[in-house]
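Below: the structure, in structure tokens.
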Amino acid sequence: MAILLKVPPKSMLKFMCVSKPWLRPISSRKLVKTHVRLTASDKECSHHRVIFQDSTGNFKVSRLPPLFHKEQRVELFNMDSPMENPNIYTKIVGSVNGLICMYSKIEEPVLWNPTIRKCKKLPTFEANLRRDCSYYLNYGFGYDESHDDYKVVVVQCIYDDGGSYDTVVNIYSLRTDSWKTIGKFQGNFLINSSGKFVDGKLYWALSADVNTFNMCNIISLDLADETWKSLMLPTSYGESSYPLTLGVVGKDLSILCPNCHEGTNSDVWIMKHSGVEVLWTKIFTIDHPKDLGEFIFFSSIFSIPSCQSNKGEFLLLLPPVIMIYDGSTRQLEAVDHFEECFPAEIYVESHVDPLLIAHNHLADNS
């Protein structure tokens with residue numbers, strides 16, 4: 001067991017193909033969970049990857065560590081799409097433990113592990129359609145550790161010309177390979193199309209008005225007990241006139257807050273729990289690069305991996321660019337220019353098999 005935990009994720013796949021006696025221990029829940037935890041916590045981020053996407057839906061991937069070293073050329077490798085119609089633009093919802101959730105406007109969501117090239121297409125969920133109403137969907141993807149289950153959430157937002165608004169919340173369990181409808185949240189309009197997954201919960205930002213993107217508070221869905229809670233924003237921001245961006249810094253929920261008074265910088269806040277109380281802490285301020293424009297700070301994706309360089313520099317995934325933030329100077333610098341593609345998600349290599357998880361549940365109940 002101890003030896004297997006040191007084996008790289010891609011090598012695990014080779015060992016699994018040797019024989020059935022090898023397959024059983026390597027694919028056991030305990031080893032898979034321990035292996036992915038050790039791989040994800042590697043301070044060198046040796047097995048972290050950045051997946052890129054172009055306008056035609058093609059994917060490319062690069063290793064994460066070379067992005068810190070500007071003197072090195074960042075290599076991008078082509079990767080086949082798991083979608084049945086790869087020419088249709090695909091939206092990435094998020095990544096957990098090496099699994100990536102994605103969907104397109106004509107296909108159901110899929111759970112894809114690009115490391116071992118395994119993909120699970122989700123069954124169709126029943127949309128709650130109503131006449132003379134408009135719809136949009138908000139997705140979320142996360143991991144329920146208490147049940148060792150991966151879950152996809154689809155929030156159907158329904159509104160009509162008269163101003164009425166309603167939601168229907170559908171949740172998919174990979175372990176049961178089925179959808180169900182759960183209780184909806186109390187609140188207004190979801191802003192970010194994809195929920196941010198942190199420590200067993202999915203987070204969305206709420207707006208008081210369907211026609212604006214100004215965040216008024218945050219809601220969370222606990223994937224274990226499937227209950228909703230509401231969180232307040234940092235009190236020092238009050239009624240901000242700028243849309244705030246929900247993101248993830250390392251393993252913490254964060255908010256990227258453009259300074260509405262000066263308009264030349266943005267604050268990064270992270271959320272910490274102290275018992276039942278939620279505490280917001282400002283960790284640094286980013287000066288806006290003049291050559292990139294302020295629009296990038298309203299990106300729908302904002303992520304800072306938990307790794308950092310030996311110089312204390314942080315890597316920011318803020319599509320359409322990847323940047324390095326130098327804490328000593330508060331300056332951002334674009335890492336590289338990737339022609340005709342943009343960074344879409346960061347994932348960690350693993351041998352988590354979505355097909356095997358769903359199959360094991362069916363076998364257990366047969």
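Ligands are numbered from 1 in the order shown, chains are lettered A, B, ... in the order of the structure tokens, and residues start at 1 in each chain.
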### Query
If you run DSSP on this backbone, which residues of range 13-180 of chain A come out as alpha helix (DSSP H), and could you give them as a ChimeraX atom specification?
/A:13-16,20-26,29-40
#### Entry: Test item: residues at most 8 Å from range 339-345 of chain A, only C-alpha atoms, excluding those fewer than 2 positions along its chain, as an NGL selection string
:A and (50-55 or 92 or 94-95 or 317 or 319-322 or 337 or 347)
### Message
With only C-alpha atoms as the counted atoms, please give the residues lying no more than 8 Å from Cys101 in chain A, apart from itself and same-chain residues fewer than 3 positions off, as a VMD selection string.
### Response
chain A and resid 92 to 95 109 to 112 141 152
Keeping only N, CA, C and O atoms, write the selected residues to a file as a short mmCIF file (atom, residue, chain, number, x, y, z; two decimals), in the first residue's frame.
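Below you can see part_19.cif, which holds the result:
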```cif
data_model
loop_
_atom_site.label_atom_id
_atom_site.label_comp_id
_atom_site.auth_asym_id
_atom_site.auth_seq_id
_atom_site.Cartn_x
_atom_site.Cartn_y
_atom_site.Cartn_z
N ILE A 92 -16.99 24.22 -19.15
CA ILE A 92 -16.46 23.49 -18.00
C ILE A 92 -17.06 24.06 -16.72
O ILE A 92 -16.98 25.26 -16.46
N VAL A 93 -17.67 23.18 -15.93
CA VAL A 93 -18.31 23.59 -14.67
C VAL A 93 -17.27 23.70 -13.56
O VAL A 93 -17.25 24.67 -12.80
N GLY A 94 -16.41 22.70 -13.44
CA GLY A 94 -15.41 22.70 -12.38
C GLY A 94 -14.69 21.37 -12.34
O GLY A 94 -14.99 20.44 -13.10
N SER A 95 -13.74 21.26 -11.41
CA SER A 95 -12.94 20.05 -11.28
C SER A 95 -12.77 19.70 -9.81
O SER A 95 -12.51 20.58 -8.98
N PRO A 109 -24.57 16.81 -19.18
CA PRO A 109 -23.25 16.93 -18.54
C PRO A 109 -22.51 15.60 -18.55
O PRO A 109 -23.12 14.52 -18.55
N VAL A 110 -21.18 15.68 -18.53
CA VAL A 110 -20.34 14.49 -18.43
C VAL A 110 -19.33 14.71 -17.31
O VAL A 110 -18.98 15.84 -16.98
N LEU A 111 -18.88 13.61 -16.72
CA LEU A 111 -17.78 13.63 -15.76
C LEU A 111 -16.60 12.94 -16.43
O LEU A 111 -16.69 11.77 -16.82
N TRP A 112 -15.51 13.66 -16.54
CA TRP A 112 -14.38 13.23 -17.37
C TRP A 112 -13.09 13.27 -16.55
O TRP A 112 -12.81 14.27 -15.89
N PHE A 141 -20.52 21.52 -9.35
CA PHE A 141 -19.95 20.18 -9.26
C PHE A 141 -19.08 20.10 -8.02
O PHE A 141 -18.24 20.98 -7.78
N VAL A 152 -23.49 16.52 -9.08
CA VAL A 152 -23.67 17.63 -10.02
C VAL A 152 -25.00 18.29 -9.69
O VAL A 152 -26.02 17.61 -9.51
#
```
### Task
Apply DSSP to the backbone of this structure and, from range 85-158 of chain A, keep only the residues in strand (DSSP E); write these as a PyMOL selection string.
chain A and resi 90-96+99-104+107-113+118-121+134-144+149-158
### Nearest residue to Lys251 in chain A from the set A:Asn138, A:Ser62, A:Ser41, A:Thr227 (distances using only C-alpha atoms)
A:Ser41
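For Leu174 in chain A, the set of protein, DNA and RNA residues having any atom at most 8 Å away, when counting only C-alpha atoms and skipping those fewer than 3 positions along the same chain, is Asp149, Tyr150, Lys151, Asp177, Ser178, Pro354, Ile357 and Ala358 of chain A.
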Put those residues in a file: N, CA, C and O atoms, as an mmCIF file, in the first residue's frame.
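Result file follows (selection.cif):
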```cif
data_model
loop_
_atom_site.group_PDB
_atom_site.id
_atom_site.type_symbol
_atom_site.label_atom_id
_atom_site.label_comp_id
_atom_site.auth_asym_id
_atom_site.auth_seq_id
_atom_site.Cartn_x
_atom_site.Cartn_y
_atom_site.Cartn_z
ATOM 1 N N ASP A 149 -19.110 10.480 -2.587
ATOM 2 C CA ASP A 149 -19.957 10.601 -3.772
ATOM 3 C C ASP A 149 -19.684 11.928 -4.481
ATOM 4 O O ASP A 149 -19.483 12.960 -3.829
ATOM 5 N N TYR A 150 -19.675 11.884 -5.793
ATOM 6 C CA TYR A 150 -19.528 13.095 -6.603
ATOM 7 C C TYR A 150 -20.907 13.530 -7.076
ATOM 8 O O TYR A 150 -21.694 12.711 -7.558
ATOM 9 N N LYS A 151 -21.201 14.821 -6.934
ATOM 10 C CA LYS A 151 -22.545 15.310 -7.221
ATOM 11 C C LYS A 151 -22.512 16.510 -8.176
ATOM 12 O O LYS A 151 -21.636 17.371 -8.076
ATOM 13 N N ASP A 177 -26.080 7.056 -9.715
ATOM 14 C CA ASP A 177 -26.288 7.326 -11.143
ATOM 15 C C ASP A 177 -27.720 7.768 -11.419
ATOM 16 O O ASP A 177 -28.386 7.273 -12.324
ATOM 17 N N SER A 178 -28.188 8.734 -10.625
ATOM 18 C CA SER A 178 -29.574 9.185 -10.778
ATOM 19 C C SER A 178 -29.725 10.640 -10.340
ATOM 20 O O SER A 178 -28.906 11.170 -9.580
ATOM 21 N N PRO A 354 -14.902 7.518 -12.964
ATOM 22 C CA PRO A 354 -16.344 7.758 -12.783
ATOM 23 C C PRO A 354 -17.200 6.569 -13.205
ATOM 24 O O PRO A 354 -18.261 6.335 -12.624
ATOM 25 N N ILE A 357 -17.101 3.952 -10.282
ATOM 26 C CA ILE A 357 -17.890 4.359 -9.114
ATOM 27 C C ILE A 357 -19.361 4.035 -9.334
ATOM 28 O O ILE A 357 -20.036 3.459 -8.471
ATOM 29 N N ALA A 358 -19.889 4.400 -10.511
ATOM 30 C CA ALA A 358 -21.294 4.121 -10.816
ATOM 31 C C ALA A 358 -21.533 2.620 -10.930
ATOM 32 O O ALA A 358 -22.557 2.095 -10.465
#
```
#### Entry: Nearest-residue call for Val61 in chain A, choices A:Arg29, A:Arg24, A:His47, A:His35, using only C-alpha atoms
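Closest residue, counting only C-alpha atoms: A:His47.
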### Query
CA of Pro123 in chain A and CA of Met16 in chain A are how many Å apart?
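Between CA of Pro123 in chain A and CA of Met16 in chain A the gap is 27.3 Å.
Taking CA of Ser266 in chain A as the reference point, CA of Leu246 in chain A is found at 12.9 Å.
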